[in-house]
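**Student:** Just one file: model-v3.cif, with mmCIF, C-alpha atoms.
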data_work
loop_
_atom_site.label_atom_id
_atom_site.label_comp_id
_atom_site.auth_asym_id
_atom_site.auth_seq_id
_atom_site.Cartn_x
_atom_site.Cartn_y
_atom_site.Cartn_z
CA MET A 14 0.00 0.00 0.00
CA ALA A 15 2.79 2.41 0.91
CA ALA A 16 4.46 1.74 -2.43
CA HIS A 17 1.25 2.65 -4.23
CA ILE A 18 1.15 6.04 -2.47
CA LYS A 19 4.76 6.67 -3.39
CA ASP A 20 3.99 5.98 -7.08
CA LEU A 21 1.11 8.42 -7.00
CA ASP A 22 3.33 11.07 -5.39
CA LYS A 23 5.87 10.59 -8.13
CA ARG A 24 3.24 11.03 -10.84
CA ILE A 25 1.83 14.14 -9.23
CA ARG A 26 5.29 15.66 -9.15
CA SER A 27 5.92 14.85 -12.80
CA VAL A 28 2.58 16.29 -13.93
CA ARG A 29 3.27 19.40 -11.88
CA ASN A 30 6.61 19.86 -13.65
CA THR A 31 4.93 19.52 -17.03
CA GLN A 32 2.32 22.03 -15.96
CA GLN A 33 5.01 24.52 -15.07
CA ILE A 34 6.52 24.15 -18.54
CA THR A 35 3.20 24.56 -20.34
CA LYS A 36 2.42 27.57 -18.17
CA ALA A 37 5.73 29.19 -19.10
CA MET A 38 5.16 28.45 -22.79
CA LYS A 39 1.72 29.98 -22.56
CA MET A 40 3.18 33.13 -21.07
CA VAL A 41 5.90 33.37 -23.72
CA ALA A 42 3.31 32.86 -26.46
CA ALA A 43 1.11 35.56 -24.94
CA ALA A 44 3.99 38.05 -24.96
CA LYS A 45 4.87 37.20 -28.58
CA LEU A 46 1.24 37.40 -29.55
CA ARG A 47 0.97 40.89 -28.19
CA ARG A 48 4.12 41.97 -29.99
CA THR A 49 3.22 40.58 -33.38
CA GLN A 50 -0.38 41.73 -33.10
CA ASP A 51 0.76 45.29 -32.33
CA ARG A 52 2.98 45.27 -35.41
CA LEU A 53 0.20 43.82 -37.52
CA ILE A 54 -2.25 46.51 -36.42
CA ALA A 55 0.33 49.31 -36.70
CA GLY A 56 0.93 48.34 -40.33
CA ARG A 57 -2.72 48.33 -41.28
CA PRO A 58 -3.32 52.04 -42.09
CA TYR A 59 -0.30 52.02 -44.41
CA GLY A 60 -1.46 48.88 -46.20
CA ASN A 61 -5.05 50.05 -46.52
CA LYS A 62 -4.10 53.45 -47.93
CA LEU A 63 -1.66 51.89 -50.37
CA THR A 64 -4.34 49.52 -51.65
CA GLU A 65 -6.74 52.44 -51.97
CA LEU A 66 -4.28 54.49 -54.01
CA LEU A 67 -3.59 51.52 -56.23
CA ALA A 68 -7.28 50.93 -56.88
CA GLN A 69 -7.73 54.60 -57.69
CA LEU A 70 -4.83 54.64 -60.10
CA ALA A 71 -5.77 51.35 -61.75
CA SER A 72 -9.32 52.57 -62.39
CA ALA A 73 -8.17 55.98 -63.62
CA SER A 74 -5.68 54.79 -66.21
CA SER A 75 -4.94 51.86 -68.46
CA ILE A 76 -1.24 51.48 -67.87
CA GLU A 77 0.41 48.19 -68.64
CA HIS A 78 2.68 46.53 -66.16
CA PRO A 79 3.84 42.90 -65.85
CA PHE A 80 2.26 42.71 -62.39
CA LEU A 81 -1.13 43.42 -63.94
CA ALA A 82 -0.78 41.17 -66.98
CA GLN A 83 -2.33 37.70 -66.85
CA ARG A 84 0.16 35.37 -68.53
CA GLU A 85 -0.32 31.75 -69.44
CA VAL A 86 0.76 29.72 -66.43
CA THR A 87 3.22 26.91 -67.05
CA ARG A 88 4.92 27.12 -63.70
CA ARG A 89 3.36 28.33 -60.50
CA LEU A 90 4.95 29.21 -57.18
CA VAL A 91 2.95 28.47 -54.06
CA MET A 92 4.12 30.02 -50.84
CA VAL A 93 3.08 28.12 -47.73
CA VAL A 94 3.41 29.77 -44.34
CA SER A 95 3.62 27.48 -41.30
CA SER A 96 5.48 27.55 -37.99
CA ASP A 97 8.95 26.28 -37.09
CA LYS A 98 7.86 24.77 -33.81
CA GLY A 99 4.94 22.60 -32.83
CA LEU A 100 2.77 22.59 -29.71
CA CYS A 101 0.35 25.03 -31.24
CA GLY A 102 -2.77 22.93 -31.65
CA SER A 103 -4.15 22.46 -35.14
CA TYR A 104 -2.49 25.57 -36.56
CA ASN A 105 -0.01 23.79 -38.83
CA HIS A 106 -2.34 20.93 -39.63
CA ASN A 107 -5.02 23.29 -40.95
CA VAL A 108 -2.80 25.41 -43.18
CA ILE A 109 -0.86 22.43 -44.54
CA ARG A 110 -4.04 20.51 -45.30
CA LEU A 111 -5.47 23.48 -47.19
CA ALA A 112 -2.22 23.90 -49.14
CA HIS A 113 -2.10 20.20 -50.05
CA GLN A 114 -5.72 20.17 -51.12
CA TRP A 115 -5.28 23.32 -53.20
CA LEU A 116 -2.18 21.91 -54.88
CA GLU A 117 -3.99 18.71 -55.84
CA GLU A 118 -6.89 20.68 -57.27
CA HIS A 119 -4.60 22.93 -59.32
CA ASP A 120 -2.36 20.51 -61.17
CA ASP A 121 -2.77 22.32 -64.51
CA ALA A 122 0.76 23.74 -64.17
CA ASP A 123 4.07 22.74 -62.56
CA ASN A 124 3.71 23.72 -58.96
CA GLU A 125 6.75 24.69 -56.96
CA LEU A 126 6.77 25.53 -53.30
CA TYR A 127 8.26 28.43 -51.40
CA ILE A 128 8.02 27.42 -47.79
CA VAL A 129 8.16 29.42 -44.60
CA GLY A 130 8.32 27.32 -41.43
CA ARG A 131 9.91 23.97 -40.65
CA LYS A 132 6.62 22.12 -40.25
CA ALA A 133 5.41 22.63 -43.81
CA ASN A 134 8.92 21.94 -45.07
CA GLU A 135 9.00 18.53 -43.36
CA TYR A 136 5.54 17.67 -44.62
CA PHE A 137 6.01 18.53 -48.27
CA ARG A 138 9.59 17.29 -48.48
CA ARG A 139 8.52 13.87 -47.21
CA ARG A 140 5.86 13.71 -49.90
CA GLY A 141 8.26 14.61 -52.68
CA TRP A 142 6.96 18.01 -53.76
CA THR A 143 9.30 20.39 -55.56
CA ILE A 144 10.57 22.93 -53.07
CA ARG A 145 12.26 25.95 -54.55
CA LYS A 146 13.14 27.43 -51.23
CA ALA A 147 12.43 26.89 -47.57
CA VAL A 148 12.89 29.53 -44.89
CA THR A 149 12.95 27.76 -41.55
CA ASP A 150 14.48 30.22 -39.11
CA MET A 151 12.05 33.13 -38.82
CA GLY A 152 10.76 31.75 -35.50
CA GLY A 153 7.42 33.50 -35.84
CA LEU A 154 9.00 36.91 -35.31
CA ILE A 155 8.39 39.98 -37.43
CA ASP A 156 11.54 41.13 -39.17
CA LEU A 157 10.73 43.88 -41.66
CA PRO A 158 13.93 43.85 -43.78
CA ARG A 159 13.81 40.06 -44.01
CA MET A 160 10.16 40.07 -45.07
CA GLN A 161 10.89 42.69 -47.71
CA GLY A 162 13.74 40.49 -48.91
CA ILE A 163 11.33 37.60 -49.37
CA ALA A 164 8.90 39.85 -51.25
CA ASP A 165 11.71 41.11 -53.51
CA GLU A 166 12.82 37.54 -54.19
CA LEU A 167 9.29 36.53 -55.18
CA MET A 168 8.95 39.55 -57.49
CA ARG A 169 12.26 38.73 -59.15
CA LEU A 170 11.17 35.15 -59.84
CA TYR A 171 8.00 36.48 -61.39
CA LEU A 172 9.66 39.19 -63.47
CA ASP A 173 12.33 36.77 -64.74
CA ASP A 174 9.48 34.57 -65.96
CA GLU A 175 10.69 31.69 -63.76
CA VAL A 176 7.10 31.42 -62.61
CA GLN A 177 3.97 32.99 -64.10
CA GLN A 178 1.83 33.04 -61.03
CA ILE A 179 2.36 33.24 -57.28
CA GLN A 180 -0.16 32.06 -54.70
CA VAL A 181 0.14 32.35 -50.95
CA VAL A 182 -1.36 29.88 -48.48
CA HIS A 183 -1.35 31.39 -45.01
CA THR A 184 -3.43 31.72 -41.87
CA SER A 185 -5.46 34.83 -41.31
CA PHE A 186 -5.85 36.05 -37.76
CA VAL A 187 -9.45 36.70 -36.76
CA SER A 188 -9.05 36.63 -32.99
CA THR A 189 -6.89 34.83 -30.43
CA LEU A 190 -9.21 31.84 -30.62
CA SER A 191 -10.09 31.96 -34.28
CA HIS A 192 -7.72 31.69 -37.24
CA ARG A 193 -8.62 30.79 -40.77
CA PRO A 194 -6.23 29.35 -43.36
CA ARG A 195 -6.72 30.75 -46.85
CA VAL A 196 -5.24 31.02 -50.32
CA VAL A 197 -4.62 34.40 -51.95
CA GLN A 198 -3.09 35.26 -55.29
CA LEU A 199 -0.04 37.48 -54.96
CA LEU A 200 1.02 37.89 -58.57
CA PRO A 201 -0.23 38.90 -61.04
CA PHE A 202 -2.70 41.18 -59.26
CA PRO A 203 -6.09 39.55 -59.45
CA THR A 204 -8.46 41.56 -61.62
CA GLU A 205 -11.27 42.88 -59.50
CA GLU A 206 -14.73 42.73 -60.98
CA ASP A 207 -16.70 44.70 -58.43
CA GLY A 208 -17.72 48.23 -59.37
CA SER A 209 -17.05 49.80 -55.98
CA GLY A 210 -14.18 51.89 -57.36
CA ASP A 211 -16.52 54.15 -59.34
CA ALA A 212 -17.16 56.56 -56.51
CA GLY A 213 -13.53 57.64 -56.22
CA ALA A 214 -12.88 57.78 -59.94
CA ALA A 215 -14.49 61.19 -60.27
CA LYS A 216 -11.54 62.99 -58.67
CA THR A 217 -8.88 64.08 -61.10
CA TYR A 218 -5.39 64.04 -59.75
CA ILE A 219 -2.21 65.70 -60.82
CA TYR A 220 0.27 62.86 -61.09
CA GLU A 221 3.80 63.75 -60.16
CA PRO A 222 5.97 63.02 -62.13
CA SER A 223 3.45 60.91 -64.10
CA ALA A 224 0.77 58.27 -63.60
CA GLU A 225 3.10 55.63 -65.07
CA VAL A 226 5.90 56.35 -62.63
CA VAL A 227 3.57 56.46 -59.64
CA LEU A 228 2.09 53.10 -60.62
CA GLN A 229 5.52 51.59 -61.19
CA ARG A 230 6.51 52.61 -57.68
CA LEU A 231 3.22 51.57 -56.11
CA LEU A 232 3.07 48.01 -57.41
CA PRO A 233 6.24 46.62 -55.78
CA LYS A 234 5.39 48.37 -52.51
CA SER A 235 1.99 46.77 -52.60
CA VAL A 236 3.53 43.31 -53.08
CA ARG A 237 5.78 43.94 -50.10
CA VAL A 238 2.78 44.93 -48.01
CA LYS A 239 0.91 41.80 -49.05
CA VAL A 240 3.84 39.56 -48.15
CA PHE A 241 4.27 41.37 -44.84
CA ASN A 242 0.57 40.96 -44.07
CA ALA A 243 0.53 37.27 -45.00
CA LEU A 244 3.52 36.54 -42.76
CA ALA A 245 2.54 38.79 -39.86
CA ASP A 246 -1.01 37.45 -39.97
CA SER A 247 0.26 33.87 -39.82
CA PHE A 248 2.77 34.54 -37.07
CA THR A 249 0.14 36.26 -34.96
CA SER A 250 -2.17 33.28 -35.48
CA GLU A 251 0.65 30.92 -34.54
CA HIS A 252 1.21 32.62 -31.19
CA GLY A 253 -2.52 32.80 -30.59
CA ALA A 254 -2.88 29.07 -31.31
CA ARG A 255 0.07 28.20 -29.10
CA MET A 256 -1.23 30.33 -26.27
CA THR A 257 -4.65 28.68 -26.46
CA SER A 258 -3.33 25.14 -26.64
CA MET A 259 -0.79 25.69 -23.85
CA SER A 260 -3.50 27.26 -21.75
CA SER A 261 -5.72 24.19 -22.08
CA ALA A 262 -2.72 21.93 -21.47
CA THR A 263 -2.10 23.79 -18.22
CA ASP A 264 -5.78 23.40 -17.26
CA ASN A 265 -5.69 19.69 -18.07
CA ALA A 266 -2.58 19.21 -15.98
CA GLY A 267 -4.34 20.96 -13.10
CA GLU A 268 -7.31 18.60 -13.36
CA LEU A 269 -5.01 15.61 -13.50
CA ILE A 270 -3.17 16.77 -10.40
CA ASP A 271 -6.47 17.21 -8.54
CA GLN A 272 -7.56 13.72 -9.48
CA LEU A 273 -4.25 12.10 -8.59
CA THR A 274 -4.18 13.93 -5.28
CA LEU A 275 -7.65 12.59 -4.54
CA TYR A 276 -6.51 9.01 -5.28
CA ARG A 277 -3.44 9.44 -3.16
CA ASN A 278 -5.40 10.78 -0.17
CA ARG A 279 -7.92 8.00 -0.54
CA ALA A 280 -5.15 5.41 -0.62
CA ARG A 281 -3.50 6.97 2.39
CA GLN A 282 -6.78 7.04 4.31
CA ALA A 283 -7.42 3.40 3.41
CA ALA A 284 -3.97 2.47 4.68
CA ILE A 285 -4.57 4.26 7.97
CA THR A 286 -8.00 2.70 8.42
CA GLN A 287 -6.58 -0.72 7.75
CA GLU A 288 -3.78 -0.17 10.23
CA ILE A 289 -6.23 0.91 12.95
CA SER A 290 -8.52 -2.05 12.36
CA GLU A 291 -5.47 -4.34 12.53
CA ILE A 292 -4.45 -2.80 15.86
CA VAL A 293 -8.01 -2.95 17.19
CA GLY A 294 -8.27 -6.55 15.96
CA GLY A 295 -4.96 -7.38 17.69
CA ALA A 296 -6.07 -5.73 20.98
CA ASP A 297 -9.37 -7.62 20.85
CA ALA A 298 -7.55 -10.90 20.38
CA LEU A 299 -5.33 -10.16 23.39
CA GLY A 300 -8.23 -9.05 25.61
CA MET B 3 -2.23 87.21 -43.05
CA ALA B 4 -2.50 83.99 -41.11
CA LYS B 5 -1.83 80.93 -43.18
CA THR B 6 -4.68 78.50 -43.58
CA PRO B 7 -3.99 75.16 -41.88
CA TYR B 8 -4.72 71.76 -43.37
CA HIS B 9 -4.54 68.20 -42.12
CA LEU B 10 -1.45 66.09 -42.59
CA SER B 11 -0.70 62.51 -41.60
CA ILE B 12 2.52 60.63 -42.21
CA VAL B 13 2.00 56.87 -42.24
CA THR B 14 4.70 54.19 -42.25
CA PRO B 15 4.46 50.38 -42.10
CA ALA B 16 5.46 50.69 -38.42
CA GLY B 17 2.60 53.06 -37.61
CA ARG B 18 1.68 56.72 -37.74
CA ALA B 19 4.74 58.99 -37.54
CA PHE B 20 2.94 62.33 -37.57
CA GLU B 21 -0.63 63.52 -37.43
CA GLY B 22 -1.83 67.10 -37.10
CA GLU B 23 -2.64 70.48 -38.61
CA VAL B 24 0.07 72.15 -40.65
CA THR B 25 0.28 75.31 -42.71
CA SER B 26 2.99 74.25 -45.11
CA LEU B 27 4.91 71.19 -46.16
CA ILE B 28 7.89 70.54 -48.41
CA PHE B 29 8.60 66.95 -49.37
CA PRO B 30 11.12 65.29 -51.70
CA GLY B 31 9.29 64.42 -54.91
CA GLU B 32 10.72 62.00 -57.43
CA ASP B 33 11.86 64.92 -59.64
CA GLY B 34 12.60 67.49 -56.94
CA ALA B 35 11.09 69.08 -53.87
CA ILE B 36 7.36 69.82 -53.88
CA GLY B 37 5.70 72.35 -51.60
CA VAL B 38 2.11 72.10 -50.44
CA TRP B 39 -0.02 74.86 -48.94
CA ALA B 40 -3.69 74.76 -48.09
CA HIS B 41 -6.16 74.42 -51.00
CA HIS B 42 -3.64 72.57 -53.13
CA ALA B 43 -5.12 70.83 -56.16
CA PRO B 44 -5.60 67.05 -55.84
CA MET B 45 -2.21 65.41 -56.40
CA LEU B 46 -0.66 61.99 -56.22
CA ALA B 47 3.13 62.11 -56.16
CA ALA B 48 5.93 59.59 -55.93
CA MET B 49 8.55 60.44 -53.30
CA LYS B 50 12.21 59.61 -53.12
CA PRO B 51 14.22 59.33 -49.89
CA GLY B 52 15.12 62.74 -48.55
CA THR B 53 14.23 65.40 -46.03
CA LEU B 54 10.80 66.71 -45.33
CA GLN B 55 9.91 69.95 -43.57
CA LEU B 56 6.63 71.14 -42.21
CA GLU B 57 5.21 74.06 -40.25
CA GLU B 58 2.75 73.10 -37.55
CA ALA B 59 -0.33 75.30 -37.33
CA ASP B 60 -0.19 75.83 -33.58
CA HIS B 61 3.58 76.26 -33.37
CA ALA B 62 4.07 79.17 -35.71
CA GLU B 63 7.66 79.90 -36.75
CA ARG B 64 8.78 76.41 -35.76
CA ILE B 65 9.80 74.17 -38.57
CA LYS B 66 9.89 70.43 -38.03
CA THR B 67 12.32 68.34 -40.04
CA PHE B 68 12.12 64.62 -40.84
CA ALA B 69 14.23 62.17 -42.80
CA VAL B 70 11.93 60.00 -44.90
CA GLY B 71 12.27 56.94 -47.11
CA SER B 72 10.64 56.56 -50.50
CA GLY B 73 6.88 56.59 -50.73
CA PHE B 74 3.84 58.49 -51.97
CA ALA B 75 2.00 61.68 -51.21
CA GLU B 76 -1.70 62.14 -51.71
CA VAL B 77 -3.19 65.59 -51.43
CA SER B 78 -6.90 66.33 -51.81
CA ASP B 79 -9.50 68.54 -50.11
CA ASN B 80 -7.06 70.09 -47.63
CA ASN B 81 -5.99 66.68 -46.49
CA ALA B 82 -2.51 65.33 -47.14
CA ILE B 83 -1.41 61.76 -46.53
CA LEU B 84 2.18 60.69 -46.92
CA LEU B 85 2.93 56.98 -47.19
CA VAL B 86 6.62 56.42 -46.59
CA ASP B 87 8.85 53.43 -45.81
CA THR B 88 10.49 55.17 -42.90
CA CYS B 89 10.17 58.49 -41.13
CA GLU B 90 12.53 59.79 -38.46
CA ALA B 91 12.24 63.11 -36.69
CA ALA B 92 15.45 65.12 -37.01
CA GLU B 93 15.73 65.35 -33.21
CA ASP B 94 15.96 61.56 -32.98
CA ILE B 95 18.76 61.12 -35.50
CA ASP B 96 22.10 59.98 -34.14
CA VAL B 97 24.62 61.90 -36.26
CA GLU B 98 27.53 59.54 -35.50
CA ARG B 99 25.51 56.51 -36.51
CA ALA B 100 24.26 58.25 -39.64
CA LYS B 101 27.84 59.10 -40.61
CA ALA B 102 28.96 55.51 -40.09
CA ALA B 103 26.03 54.29 -42.21
CA MET B 104 27.02 56.77 -44.91
CA GLU B 105 30.59 55.41 -44.98
CA ARG B 106 29.34 51.84 -45.21
CA ALA B 107 26.96 52.77 -48.02
CA LYS B 108 29.76 54.54 -49.93
CA GLN B 109 32.01 51.53 -49.64
CA ARG B 110 29.29 49.18 -50.75
CA LEU B 111 28.47 51.36 -53.70
CA ALA B 112 32.12 51.44 -54.75
CA GLU B 113 32.24 47.64 -54.53
CA ALA B 114 29.01 47.40 -56.49
CA MET B 115 30.59 49.37 -59.34
CA ARG B 116 33.30 46.71 -59.67
CA ASP B 117 31.38 43.61 -58.73
CA GLU B 118 28.16 42.60 -60.47
CA GLY B 119 27.15 40.34 -57.60
CA ILE B 120 26.25 43.18 -55.26
CA ASP B 121 22.85 44.72 -55.62
CA ARG B 122 23.51 48.24 -56.83
CA GLU B 123 19.98 49.47 -56.38
CA ARG B 124 20.08 48.42 -52.75
CA ALA B 125 23.40 50.12 -52.14
CA GLU B 126 22.14 53.29 -53.79
CA ALA B 127 18.99 53.27 -51.68
CA ALA B 128 21.06 52.84 -48.51
CA MET B 129 23.23 55.75 -49.63
CA GLN B 130 20.20 57.97 -50.23
CA ARG B 131 18.79 57.09 -46.85
CA ALA B 132 22.04 57.93 -45.08
CA GLN B 133 22.29 61.21 -46.98
CA ALA B 134 18.73 62.15 -46.05
CA ARG B 135 19.38 61.45 -42.38
CA LEU B 136 22.51 63.57 -42.33
CA ARG B 137 20.81 66.42 -44.13
CA ALA B 138 17.85 66.31 -41.75
CA ALA B 139 20.21 66.39 -38.79
CA TYR B 140 22.00 69.36 -40.33
CA LEU B 141 18.77 71.25 -41.00
CA ARG B 142 17.64 70.70 -37.44
CA GLY B 143 20.19 73.22 -36.20
CA LYS B 144 18.71 76.00 -38.37
#
Can you dump the structure from the file as C-alpha cells?
**Tutor:**
Amino acid sequence: MAAHIKDLDKRIRSVRNTQQITKAMKMVAAAKLRRTQDRLIAGRPYGNKLTELLAQLASASSIEHPFLAQREVTRRLVMVVSSDKGLCGSYNHNVIRLAHQWLEEHDDADNELYIVGRKANEYFRRRGWTIRKAVTDMGGLIDLPRMQGIADELMRLYLDDEVQQIQVVHTSFVSTLSHRPRVVQLLPFPTEEDGSGDAGAAKTYIYEPSAEVVLQRLLPKSVRVKVFNALADSFTSEHGARMTSMSSATDNAGELIDQLTLYRNRARQAAITQEISEIVGGADALG
Amino acid sequence: MAKTPYHLSIVTPAGRAFEGEVTSLIFPGEDGAIGVWAHHAPMLAAMKPGTLQLEEADHAERIKTFAVGSGFAEVSDNNAILLVDTCEAAEDIDVERAKAAMERAKQRLAEAMRDEGIDRERAEAAMQRAQARLRAAYLRGK
C-alpha cells in the first residue's frame, strides 16, 4: 500500500513539472502574440491606404505593367506559411491541409513551393513536392527587412518569368481563438470585378511626375505589403494558437493533479484505516 | 495674413509617424522638392528618400524636419497623406551613426561598381537614406 502512495506522489510531481513548462510556454506565447499583433495593427493604415491608391490609379488609367498582366501559367509558385515549432494545436495541420488540397486541385501547371516554417517543409519534403526554397528560421517573429527580402525575391522570380503566377497559403488572424487558413493570389494582381471603385474615380489628380511612374513605384510596394501581411497574420495566429493550446494543457494538468491527489489521499486514508482495524483486531484478540 | 492650416498625416508600415494640422509642407518628390499649402489641387506624387519639412499650425515659426524613405504623397481637399517606408524626426537622429552608415553605403556602392554580384539598387537606396538622415540632422540646427 505504501508503495502505491509513493507511485502516486511521483506522478503528481511529474505532472506538476509539465504544468510549469506549459504555463511558461503559454506566457511566452502571450507576450509574442501581443508583440506581433501590435505590429500587424500598426501596419494596417499604411497597407489600406496603399491599396486604396492603387485601386484609384488602376481605375483611372490603363497602364500596362507585368504585375497586372495575366500570362499563361506553365509554372506556378505556391508560398506556404507554417510555424517552425509545434505545440500550437491544429495551426499547422489546418494550413498544410489546405495547401495540399489546393495543390492537388490545381495541377494544370508545374507547382513549386516556397516554404516558410519547418513544419510545412518537413511535410512537403517527405511527400516529394518540388521545393524551390524553404525559410525555416524566422521563428514567428516579425523582421521587416527580411520580409521585404522575401517579397523582392518573389517579385524577381515572377519578373524573370521563372514562374507565371504566385499564390500564398497562409493563416489569417481573426481573434486569439479563431484563425482561418486561406489562399490568396499574390502575382499577377487579381483583376477585380466589383464596381465599388466608381465613386472615387471622379476625382482628377495631378500625377507627379506621371501616372506611369507612380504606378511603377506603387506596385512593388503593394507586393511587399501583401507579403508582410501574409507573414505577420500567420505569425500572430501561430502565437494565438500556441497560447490557447498551452492554456488548455495547463488546465488539463491541473485537473489531473487534482484527481491524482484525490486518489493518493484516498489510498493513504485506506492504509490508515486498515492499520487501525489491525491494531483494534490485535487488541481484541489479546483481551 | 494667417496661413490656412490643413490636415497632414505621415503613415509608415510601423505606424503613424505624424498627425496634425500644418500650414505648409515641403517633401522630396521624385523629380525634386514639392511644396504644399492649403487648397492645393488634388495630387498623387511619388517620393524619393530625402528630407521633409513642415510648419505646424499651432507652433508658428517652428519648422519640423524629418528624414523619410521613398513613398507616396496624396493631397486632396485640404488633407494630405504621406505613405513612406520610414520616417525619423530630425531630433531623434544619431549623427555619429548616420555618418557611419554613410561610410558603409559609400564603400558598398564602390564595390558594387566593380562587382556585379552586389545589388547596386540596394546600395544606392542605402546611400540615399544615409544622406537624407545627415541632411535632416543638419537642417535641425537652423
**Student:** Please expand the PyMOL selection byres ((chain A and resi 255-260) around 9) into the concrete residues it hits in this file, giving the result as a PDB file with C-alpha atoms, in the coordinates of the input.
**Tutor:**
ATOM      1  CA  THR A  35       3.200  24.560 -20.340  1.00  0.00           C
ATOM      2  CA  LYS A  36       2.420  27.570 -18.170  1.00  0.00           C
ATOM      3  CA  ALA A  37       5.730  29.190 -19.100  1.00  0.00           C
ATOM      4  CA  MET A  38       5.160  28.450 -22.790  1.00  0.00           C
ATOM      5  CA  LYS A  39       1.720  29.980 -22.560  1.00  0.00           C
ATOM      6  CA  MET A  40       3.180  33.130 -21.070  1.00  0.00           C
ATOM      7  CA  VAL A  41       5.900  33.370 -23.720  1.00  0.00           C
ATOM      8  CA  ALA A  42       3.310  32.860 -26.460  1.00  0.00           C
ATOM      9  CA  ALA A  43       1.110  35.560 -24.940  1.00  0.00           C
ATOM     10  CA  LEU A  46       1.240  37.400 -29.550  1.00  0.00           C
ATOM     11  CA  GLY A  99       4.940  22.600 -32.830  1.00  0.00           C
ATOM     12  CA  LEU A 100       2.770  22.590 -29.710  1.00  0.00           C
ATOM     13  CA  CYS A 101       0.350  25.030 -31.240  1.00  0.00           C
ATOM     14  CA  GLY A 102      -2.770  22.930 -31.650  1.00  0.00           C
ATOM     15  CA  SER A 103      -4.150  22.460 -35.140  1.00  0.00           C
ATOM     16  CA  TYR A 104      -2.490  25.570 -36.560  1.00  0.00           C
ATOM     17  CA  THR A 189      -6.890  34.830 -30.430  1.00  0.00           C
ATOM     18  CA  LEU A 190      -9.210  31.840 -30.620  1.00  0.00           C
ATOM     19  CA  SER A 250      -2.170  33.280 -35.480  1.00  0.00           C
ATOM     20  CA  GLU A 251       0.650  30.920 -34.540  1.00  0.00           C
ATOM     21  CA  HIS A 252       1.210  32.620 -31.190  1.00  0.00           C
ATOM     22  CA  GLY A 253      -2.520  32.800 -30.590  1.00  0.00           C
ATOM     23  CA  ALA A 254      -2.880  29.070 -31.310  1.00  0.00           C
ATOM     24  CA  SER A 261      -5.720  24.190 -22.080  1.00  0.00           C
ATOM     25  CA  ALA A 262      -2.720  21.930 -21.470  1.00  0.00           C
ATOM     26  CA  THR A 263      -2.100  23.790 -18.220  1.00  0.00           C
ATOM     27  CA  ASP A 264      -5.780  23.400 -17.260  1.00  0.00           C
ATOM     28  CA  ASN A 265      -5.690  19.690 -18.070  1.00  0.00           C
TER      29      ASN A 265
END
**Student:** What are the nearest atom pairs, with distances in Å to one decimal, for all residues of chain B that come at most 10 Å from chain A, using all atoms listed in the file, set out by chain and rising residue number as a tab-separated table?
**Tutor:**
residue	atom	partner	partner_atom	distance
B:Ile12	CA	A:Tyr59	CA	9.3
B:Val13	CA	A:Tyr59	CA	5.8
B:Thr14	CA	A:Tyr59	CA	5.9
B:Pro15	CA	A:Gly56	CA	4.4
B:Ala16	CA	A:Gly56	CA	5.4
B:Gly17	CA	A:Ala55	CA	4.5
B:Arg18	CA	A:Ala55	CA	7.6
B:Gly31	CA	A:Glu221	CA	7.6
B:Glu32	CA	A:Pro222	CA	6.8
B:Asp33	CA	A:Pro222	CA	6.7
B:Gly34	CA	A:Pro222	CA	9.5
B:Ile36	CA	A:Glu221	CA	9.4
B:Ala43	CA	A:Ile219	CA	7.5
B:Pro44	CA	A:Tyr218	CA	4.9
B:Met45	CA	A:Ile219	CA	4.4
B:Leu46	CA	A:Tyr220	CA	5.0
B:Ala47	CA	A:Glu221	CA	4.4
B:Ala48	CA	A:Val227	CA	5.4
B:Met49	CA	A:Glu221	CA	9.0
B:Ser72	CA	A:Arg230	CA	9.2
B:Gly73	CA	A:Arg230	CA	8.0
B:Phe74	CA	A:Val227	CA	7.9
B:Ala75	CA	A:Glu221	CA	9.4
B:Glu76	CA	A:Leu66	CA	8.4
B:Val77	CA	A:Tyr218	CA	8.7
B:Ser78	CA	A:Tyr218	CA	8.4
B:Ile83	CA	A:Lys62	CA	8.8
B:Leu84	CA	A:Tyr59	CA	9.4
B:Leu85	CA	A:Tyr59	CA	6.5
B:Val86	CA	A:Tyr59	CA	8.5
B:Asp87	CA	A:Lys234	CA	9.1
**Student:** So, with all atoms listed in the file as the atoms that count, which of A:Leu244, A:Ala164, A:Leu172, A:Ala296 lies closest to Gly152 of chain A?
**Tutor:** A:Leu244
**Student:** Measure the distance from atom CA of Gln272 of chain A to atom CA of Thr31 of chain A in Å and round it to one decimal.
**Tutor:** 15.7 Å
**Student:** Need the neighbours of (-2.7, 76.9, -43.9): which residues are at most 10 Å away, counting only C-alpha atoms, as a list in words?
**Tutor:**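 Within the cut-off we find Ala4, Lys5, Thr6, Pro7, Tyr8, His9, Glu23, Val24, Thr25, Ser26, Leu27, Val38, Trp39, Ala40, His41, Glu57, Glu58, Ala59 and Asn80 of chain B.
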**Student:** Write the residues of the selection above to a file with C-alpha atoms, as a PDB file, in the frame of the given file.
**Tutor:**
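Saved result, selection.pdb, follows:
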ATOM      1  CA  ALA B   4      -2.500  83.990 -41.110  1.00  0.00           C
ATOM      2  CA  LYS B   5      -1.830  80.930 -43.180  1.00  0.00           C
ATOM      3  CA  THR B   6      -4.680  78.500 -43.580  1.00  0.00           C
ATOM      4  CA  PRO B   7      -3.990  75.160 -41.880  1.00  0.00           C
ATOM      5  CA  TYR B   8      -4.720  71.760 -43.370  1.00  0.00           C
ATOM      6  CA  HIS B   9      -4.540  68.200 -42.120  1.00  0.00           C
ATOM      7  CA  GLU B  23      -2.640  70.480 -38.610  1.00  0.00           C
ATOM      8  CA  VAL B  24       0.070  72.150 -40.650  1.00  0.00           C
ATOM      9  CA  THR B  25       0.280  75.310 -42.710  1.00  0.00           C
ATOM     10  CA  SER B  26       2.990  74.250 -45.110  1.00  0.00           C
ATOM     11  CA  LEU B  27       4.910  71.190 -46.160  1.00  0.00           C
ATOM     12  CA  VAL B  38       2.110  72.100 -50.440  1.00  0.00           C
ATOM     13  CA  TRP B  39      -0.020  74.860 -48.940  1.00  0.00           C
ATOM     14  CA  ALA B  40      -3.690  74.760 -48.090  1.00  0.00           C
ATOM     15  CA  HIS B  41      -6.160  74.420 -51.000  1.00  0.00           C
ATOM     16  CA  GLU B  57       5.210  74.060 -40.250  1.00  0.00           C
ATOM     17  CA  GLU B  58       2.750  73.100 -37.550  1.00  0.00           C
ATOM     18  CA  ALA B  59      -0.330  75.300 -37.330  1.00  0.00           C
ATOM     19  CA  ASN B  80      -7.060  70.090 -47.630  1.00  0.00           C
TER      20      ASN B  80
END
